[in-house]
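Reviewing the structure listed below.
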Amino acid sequence: MPFRRRFVYSDRVEATSFSSEPHSKAPLLSMRDITKRFPGVVANDRVSFEVRAGEVHALLGENGAGKTTLMNILYGLYHPDEGDVYLSGEPVRLVSPRDAMKRGIGLVAQHFHLARRHTVAENIALGLPDTPMLFPTRALERRLTELGERYGLAVDPKARIWQLSPGEQQRVEILKALVQGAKILILDEPTSVLTPQEADRLFAVVRQMRADGEAVIFISHKLDEVMEIADTITVLRKGRVEGTLKRSEANPSKLARLMVGRDVANPERKVASPSEESVVRLVGVWCKNARGVDALKDLSFEVRHGEILGVAGVAGNGQGELIEILTGLRKPTHGRIALDGGDITPLGVKGLFEAGVAHIPEDRNHIGIVPSMSVAENLVLRQYRYKPFAKGMLLDWSAVTGFVQDAIKGYEIATPSKDTIARLLSGGNVQKLILARELSGEPKLVVASHPTYGLDVSATALTHRLLLEQRERGAGVLLVSEDLEELMKLSDRIMVLFSGRVMGVVESTEADRERLGLMMAGVQEQGLQKHQDLSVTEMGI
Amino acid sequence: MSLLERLGYRLEQRPVPPGRVVFLVTVGAIVAALIVTGIIFSLFGVNPFYAYATIAERTLFNFRGFTEVVRKSIPLLLAGVGLVLAFRAQFWNIGAEGQILAGAVAATGLALFVPLPVWLMIPGMFLAGFLAGGLWGLVPAYLKVRLGVNEIITTLMLNYVALYIVRWLINGPWKGASATGFSYSDKFDRAIWLPTVGTTRLHWPTLLLGLVLALFVALLLSRMQLGFEIRMMGQSPEAARYAGVNFLRTTLILVLFSAGAAGLAGVGEVAGIHHRLIEPNSISLGYGYTAIIVALLARGSPLAAILSALFMGLVFASGDIMKVALRLPFQITGVINGLILMFVICAEPFLRYRLVRLSAEHRRGLNGRGVESAD
């Protein structure tokens, strides 16, 4: 038990001294020929992987490539069928997460494991073995402040978790791992919940850890961030190591090829030909959020036929409510919405779907599908009421089967069968399922919310291609995304929301990160006011 | 390190439990409950083997005894199928007991006070019972969808309201002319008693209704748009809202069927057996509560509810045998019910997890490091 508990409350200097112990020549962590089989798949196939102290090692791969399985093995959640794990050259068997933690392995999972009603310090004290019975957090709070200052992980130890943003919650998870003495920190898709600015801060933290001799395993499927932060990159595909490269030897297209197994074509946006006619037009729309506070304030804009209108903004500035009022999940308190000139303000979800509004929801796993229903059932989740699937009060499952088989083939949904439970599909395939369902009826307006969030390269490319196809077909697309690159690549125009108001609408050819960033922070540009000055009479309703 | 790992096993989550496993786990839970019941038998000084043999002989291997089993399973089937439907939509109807009584009251009211032609009387009673039971469920359904009132509480509380309404009726306005000193209504006209099989008390029209209802609910859930909406609502309310399901309409319809089915059971009890409105606890021997177990054992399948209703009917019928032949208190059926419910719920983890033997290599590794890891 070489480094059990020594790091708890210990000074970082002592902690780092570990690497100069007898095995210092050996890498801090080495996983050799790890094989893990699950019924029907080999999740890891003779995977070997090494991390040295003071190294940021990226584990790059698409969803389902075996990254998470490998890390779960390292964290003691799974046991490898074959292969060994060595820490500083010494073979170990990691039996449980607690065991892994005692040996200096910390995991910051994609989904946080924090008690929302408790404070930061309480959450961290919960995981420590020698938390005193009385005043459990007193000594810890001091230590947290120290660590926070050292790494730029400033979080108020007395704040309650529910008060914190996702980025801050992630800092708490990192602090938790550090306090427990992690020498090897696993960050599983850490930027998926962060804004660009928060991601930059995270990278600064990671660099400080590297400087302190920590080993960081950075799991990602995003090429650009891997290129930015990693020293070494191991690419996994279908459970196997496709290559381990120094950053200097790597470039994005090379990594993409290793990761996907072929060249990835970036979908090209054909030069604009949006018509002058609007698909959807909002005039003076107000609405309240779930807490009864005004979330949209006097919103007026239009999406034209054959146009992708990107919506940028820091999360929580009215994007969610905008999606909801356009898809019938929420009613505006004032204002008018017209679809192809017809008033759709009073319509609900069903009415808007019938009017030709497709909705690709943000939370694809809980809202976009019923996880416990089959792929086939999920593919007709919204069209089951209409012909040819409905026959009187009955459902015609044979008609469904025909449609489903076409959809699975046409959208390349990887599923063992049409009767497989949708929960068992990977994220990318869930999104393909949703796209197949929503785009099948040739909608007039496609409302897409964070459609590539958490998707791998090929699923992202497919989603982009499909949205661009809708645009070329003449549909209007409203695209809400936190990924500015994505917005600038796909959109014809970008609208920035701040505090429920339109800060401005820019042609994407004239947009850049800085200009958008200013508007996202609430700085209104001159001369954009006219976009909002549409009156009700102008709409003709 | 856990005890399981020391023994060379670990738990793994199952993605989807196969039907065979669900069946075996359910049967296993019932067997476990019966073993514990056997221990209770011996505490009463009754040899459990003798007890089970006697029960089997007088229920399963005796025509009259068997008709009693089926008779007791009729209300369980009707109410149980209704609850299967409600539970599939995550509507936790605990009020079948009150809905049975509401059905019984409506049937009695029609039988005693409404001059319908005789041929219309039996269908009329069933219709009235269905609507009354349904109405008893619609109140909580409406309150749930519109105001978010917890349906477990409202349906449960309405059971007591129904119970006291029946007591009031048989002691007050509906008290029978012949009922001096007793509390019950007048007897129904013999012409409108439900027909039975031979001289037994097996009122087959209600049984038929129960079987038809089970088939109908199976069809509803698998082949009808309404059933699809019900399943969506139950399995993911957020997705159902996104898909455009009208929660109020769907909930009201499904609860009308669910609670209406229990109302039908109440009609069967008064028109098929007692032929009058009597003390509520004698109309329903807790069928509405036992129907919850029927629905849980059926695990969402209306056809499986036929089997589980028969089984729970057997438990009820054996209560009579235990009282008469073994001199055990009838309340022991309540103990059996409770044990079955408890074991079925406790068996849940067996459906979600399975025990996997660790690889030989891994076991060796663990044993070799046992001392060190124990540290």
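Ordering of the structure tokens sets the chain letters (A, B, ...), residue numbers begin anew at 1 in every chain, and ligands are numbered from 1 in the order given.
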- For chain A, list the residues within 10 Å of chain B, counting only C-alpha atoms, and write the list as an MDAnalysis selection string. chainID A and resid 1 78:82 92:96 98:99 324 327:329 348:353 359 361 363:373 377:378 380:386 389:397 420:421 423:424
- Message: Which residues are close to A:Ser499, i.e. within 8 Å by only C-alpha atoms, leaving aside same-chain residues fewer than 4 positions away? Reply as a ChimeraX atom specification.
- Response: /A:295-296,316-318,522
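Our summary of the geometry notes that atom CA of A:Arg138 is positioned 24.9 Å from atom CA of A:Pro166.
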- Residues near stretch 264-269 of chain B, cut-off 10 Å, only C-alpha atoms, skip fewer than 5 positions along chain, as a ChimeraX atom specification: /B:71-72,74-80,96-108,122,125-134,193-194,203-207,209-210,259,274-277,282-284,287-288
Could you take the residues named above and write them with N, CA and C atoms, as a compact mmCIF listing (two decimals), in the first residue's frame?
# COMPACT_ATOMS: atom_id res chain seq x y z
N ARG B 71 -63.91 -18.11 -8.27
CA ARG B 71 -64.83 -17.05 -7.86
C ARG B 71 -64.09 -15.91 -7.16
N LYS B 72 -63.15 -16.29 -6.28
CA LYS B 72 -62.43 -15.25 -5.56
C LYS B 72 -61.46 -14.51 -6.45
N ILE B 74 -62.19 -13.58 -9.46
CA ILE B 74 -62.88 -12.67 -10.40
C ILE B 74 -62.66 -11.20 -10.05
N PRO B 75 -62.99 -10.79 -8.82
CA PRO B 75 -62.75 -9.37 -8.52
C PRO B 75 -61.28 -8.99 -8.60
N LEU B 76 -60.41 -9.95 -8.27
CA LEU B 76 -58.97 -9.68 -8.34
C LEU B 76 -58.55 -9.46 -9.78
N LEU B 77 -59.15 -10.25 -10.68
CA LEU B 77 -58.80 -10.12 -12.09
C LEU B 77 -59.26 -8.76 -12.63
N LEU B 78 -60.52 -8.43 -12.37
CA LEU B 78 -61.05 -7.17 -12.91
C LEU B 78 -60.27 -5.97 -12.36
N ALA B 79 -60.17 -5.93 -11.03
CA ALA B 79 -59.45 -4.79 -10.44
C ALA B 79 -57.98 -4.83 -10.81
N GLY B 80 -57.40 -6.05 -10.86
CA GLY B 80 -55.98 -6.19 -11.15
C GLY B 80 -55.63 -5.73 -12.56
N ALA B 96 -58.59 0.92 -5.71
CA ALA B 96 -59.51 -0.07 -6.28
C ALA B 96 -60.55 -0.50 -5.27
N GLU B 97 -60.18 -0.55 -4.00
CA GLU B 97 -61.13 -0.97 -2.97
C GLU B 97 -62.37 -0.05 -2.98
N GLY B 98 -62.13 1.23 -2.98
CA GLY B 98 -63.25 2.18 -3.01
C GLY B 98 -63.99 2.13 -4.32
N GLN B 99 -63.26 1.90 -5.41
CA GLN B 99 -63.91 1.83 -6.72
C GLN B 99 -64.78 0.59 -6.82
N ILE B 100 -64.38 -0.50 -6.17
CA ILE B 100 -65.23 -1.71 -6.12
C ILE B 100 -66.54 -1.37 -5.39
N LEU B 101 -66.40 -0.68 -4.27
CA LEU B 101 -67.59 -0.33 -3.49
C LEU B 101 -68.49 0.62 -4.26
N ALA B 102 -67.88 1.56 -4.98
CA ALA B 102 -68.68 2.49 -5.77
C ALA B 102 -69.49 1.72 -6.81
N GLY B 103 -68.86 0.72 -7.43
CA GLY B 103 -69.57 -0.10 -8.40
C GLY B 103 -70.70 -0.87 -7.75
N ALA B 104 -70.44 -1.39 -6.55
CA ALA B 104 -71.47 -2.16 -5.83
C ALA B 104 -72.65 -1.27 -5.49
N VAL B 105 -72.38 -0.05 -5.07
CA VAL B 105 -73.46 0.87 -4.71
C VAL B 105 -74.30 1.20 -5.95
N ALA B 106 -73.62 1.49 -7.07
CA ALA B 106 -74.37 1.84 -8.27
C ALA B 106 -75.25 0.68 -8.72
N ALA B 107 -74.71 -0.55 -8.68
CA ALA B 107 -75.50 -1.71 -9.09
C ALA B 107 -76.69 -1.89 -8.18
N THR B 108 -76.48 -1.72 -6.86
CA THR B 108 -77.58 -1.88 -5.91
C THR B 108 -78.66 -0.83 -6.14
N ILE B 122 -79.22 -6.61 -16.01
CA ILE B 122 -77.83 -7.05 -15.77
C ILE B 122 -76.84 -6.17 -16.53
N MET B 125 -76.69 -2.87 -14.75
CA MET B 125 -75.93 -2.84 -13.50
C MET B 125 -74.43 -2.75 -13.79
N PHE B 126 -73.99 -3.54 -14.79
CA PHE B 126 -72.56 -3.50 -15.11
C PHE B 126 -72.15 -2.11 -15.60
N LEU B 127 -73.01 -1.53 -16.45
CA LEU B 127 -72.67 -0.21 -16.98
C LEU B 127 -72.62 0.82 -15.85
N ALA B 128 -73.65 0.77 -14.99
CA ALA B 128 -73.70 1.73 -13.87
C ALA B 128 -72.49 1.54 -12.97
N GLY B 129 -72.12 0.27 -12.70
CA GLY B 129 -70.98 -0.01 -11.83
C GLY B 129 -69.68 0.48 -12.45
N PHE B 130 -69.57 0.29 -13.76
CA PHE B 130 -68.36 0.74 -14.46
C PHE B 130 -68.22 2.25 -14.35
N LEU B 131 -69.34 2.94 -14.61
CA LEU B 131 -69.28 4.41 -14.58
C LEU B 131 -69.03 4.93 -13.16
N ALA B 132 -69.69 4.28 -12.17
CA ALA B 132 -69.51 4.76 -10.79
C ALA B 132 -68.08 4.54 -10.34
N GLY B 133 -67.53 3.33 -10.63
CA GLY B 133 -66.14 3.06 -10.26
C GLY B 133 -65.23 4.05 -10.97
N GLY B 134 -65.50 4.26 -12.27
CA GLY B 134 -64.68 5.17 -13.06
C GLY B 134 -64.71 6.57 -12.49
N TRP B 193 -80.40 -11.79 -10.46
CA TRP B 193 -79.15 -12.34 -9.94
C TRP B 193 -78.31 -12.79 -11.12
N LEU B 194 -77.01 -12.67 -10.99
CA LEU B 194 -76.15 -13.16 -12.07
C LEU B 194 -76.22 -14.67 -12.10
N HIS B 203 -70.13 -16.89 -10.52
CA HIS B 203 -70.95 -16.07 -11.40
C HIS B 203 -70.17 -15.80 -12.68
N TRP B 204 -70.41 -16.63 -13.67
CA TRP B 204 -69.56 -16.64 -14.87
C TRP B 204 -69.63 -15.37 -15.71
N PRO B 205 -70.76 -14.63 -15.76
CA PRO B 205 -70.72 -13.43 -16.63
C PRO B 205 -69.61 -12.45 -16.21
N THR B 206 -69.39 -12.32 -14.91
CA THR B 206 -68.34 -11.42 -14.45
C THR B 206 -66.97 -11.95 -14.82
N LEU B 207 -66.84 -13.29 -14.71
CA LEU B 207 -65.56 -13.91 -15.08
C LEU B 207 -65.27 -13.63 -16.55
N LEU B 209 -66.39 -11.26 -18.35
CA LEU B 209 -66.07 -9.84 -18.49
C LEU B 209 -64.59 -9.58 -18.15
N GLY B 210 -64.13 -10.23 -17.10
CA GLY B 210 -62.74 -10.06 -16.67
C GLY B 210 -61.78 -10.54 -17.73
N ALA B 259 -60.39 2.35 -13.12
CA ALA B 259 -61.29 2.37 -11.97
C ALA B 259 -62.63 1.74 -12.34
N HIS B 274 -73.84 -11.81 -3.08
CA HIS B 274 -74.58 -11.39 -1.89
C HIS B 274 -76.02 -11.02 -2.22
N HIS B 275 -76.24 -10.56 -3.46
CA HIS B 275 -77.58 -10.18 -3.91
C HIS B 275 -78.20 -9.07 -3.09
N ARG B 276 -77.37 -8.33 -2.41
CA ARG B 276 -77.81 -7.15 -1.67
C ARG B 276 -76.58 -6.36 -1.27
N LEU B 277 -76.80 -5.13 -0.88
CA LEU B 277 -75.67 -4.35 -0.39
C LEU B 277 -75.46 -4.69 1.08
N SER B 282 -67.48 -7.00 3.94
CA SER B 282 -67.91 -8.31 3.47
C SER B 282 -68.13 -8.31 1.96
N ILE B 283 -68.40 -7.14 1.39
CA ILE B 283 -68.50 -7.08 -0.08
C ILE B 283 -67.14 -7.35 -0.67
N SER B 284 -66.15 -6.63 -0.18
CA SER B 284 -64.79 -6.84 -0.67
C SER B 284 -63.91 -7.22 0.51
N TYR B 287 -60.19 -7.05 -1.66
CA TYR B 287 -59.81 -7.37 -3.04
C TYR B 287 -59.08 -6.21 -3.70
N GLY B 288 -59.52 -4.99 -3.39
CA GLY B 288 -58.92 -3.82 -4.04
C GLY B 288 -57.46 -3.66 -3.68
- Message: For B:Thr200, find every residue with an atom within 8 Å (counting only C-alpha atoms), except residues of its own chain fewer than 2 positions away, and show them as a VMD selection string.
- Response: chain B and resid 64 67 to 68 196 to 198 202
- Do you know which residues are at most 8 Å from stretch 202-215 of chain A counting only C-alpha atoms, after dropping those on the same chain fewer than 5 positions away, and could you put them as a PyMOL selection string? chain A and resi 16+28+51-57+151-153+183-185+229
- Query: Can you list, as number ranges by chain, every residue of stretch 197-295 of chain A that DSSP puts in strand (DSSP E)?
  - Reply: A: 215-220, 232-237, 240-246, 278-288, 294-295
- Task: For stretch 296-307 of chain B, please output as an MDAnalysis selection string all residues within 10 Å (counting only C-alpha atoms; exclusion window: fewer than 6 positions along the same chain).
- Result: chainID B and resid 22:23 26:27 29:30 73:74 76:89 210:211 213:219 221 290 313 340:341 344:345
Keeping C-alpha atoms for every residue in the selection just given, could you write it to a file as an mmCIF file, in the first residue's frame?
data_model
loop_
_atom_site.group_PDB
_atom_site.id
_atom_site.type_symbol
_atom_site.label_atom_id
_atom_site.label_comp_id
_atom_site.auth_asym_id
_atom_site.auth_seq_id
_atom_site.Cartn_x
_atom_site.Cartn_y
_atom_site.Cartn_z
ATOM 1 C CA VAL B 22 -38.714 -12.375 -14.750
ATOM 2 C CA PHE B 23 -40.919 -15.459 -14.490
ATOM 3 C CA THR B 26 -41.404 -14.054 -9.493
ATOM 4 C CA VAL B 27 -42.043 -17.730 -8.859
ATOM 5 C CA ALA B 29 -40.349 -14.928 -4.546
ATOM 6 C CA ILE B 30 -43.697 -16.693 -4.146
ATOM 7 C CA SER B 73 -60.124 -14.467 -8.415
ATOM 8 C CA ILE B 74 -62.882 -12.675 -10.400
ATOM 9 C CA LEU B 76 -58.971 -9.675 -8.339
ATOM 10 C CA LEU B 77 -58.804 -10.117 -12.089
ATOM 11 C CA LEU B 78 -61.053 -7.167 -12.911
ATOM 12 C CA ALA B 79 -59.454 -4.792 -10.438
ATOM 13 C CA GLY B 80 -55.981 -6.192 -11.151
ATOM 14 C CA VAL B 81 -56.203 -5.668 -14.918
ATOM 15 C CA GLY B 82 -57.399 -2.136 -14.256
ATOM 16 C CA LEU B 83 -54.410 -1.530 -12.029
ATOM 17 C CA VAL B 84 -52.017 -2.989 -14.605
ATOM 18 C CA LEU B 85 -53.290 -0.356 -17.012
ATOM 19 C CA ALA B 86 -52.972 2.459 -14.496
ATOM 20 C CA PHE B 87 -49.523 1.370 -13.345
ATOM 21 C CA ARG B 88 -48.288 1.248 -16.938
ATOM 22 C CA ALA B 89 -49.029 4.981 -17.077
ATOM 23 C CA GLY B 210 -62.739 -10.065 -16.669
ATOM 24 C CA LEU B 211 -61.186 -12.251 -19.350
ATOM 25 C CA LEU B 213 -61.148 -6.977 -20.307
ATOM 26 C CA ALA B 214 -57.711 -8.563 -19.933
ATOM 27 C CA LEU B 215 -57.634 -9.261 -23.671
ATOM 28 C CA PHE B 216 -58.861 -5.774 -24.437
ATOM 29 C CA VAL B 217 -56.225 -4.093 -22.278
ATOM 30 C CA ALA B 218 -53.538 -6.272 -23.870
ATOM 31 C CA LEU B 219 -54.733 -5.114 -27.274
ATOM 32 C CA LEU B 221 -51.430 -1.458 -24.891
ATOM 33 C CA THR B 290 -54.826 -7.496 -3.085
ATOM 34 C CA GLY B 313 -57.694 -16.197 -5.565
ATOM 35 C CA ILE B 340 -45.673 -12.329 -1.144
ATOM 36 C CA LEU B 341 -45.648 -8.582 -1.706
ATOM 37 C CA VAL B 344 -41.642 -9.825 -4.818
ATOM 38 C CA ILE B 345 -40.366 -6.327 -4.084
#
- Message: With only C-alpha atoms as the counted atoms, please give the residues lying no more than 7 Å from A:Arg240, apart from itself and same-chain residues fewer than 6 positions off, as a list in words.
- Response: Asn44, Asp45, Arg46 and Val47 of chain A
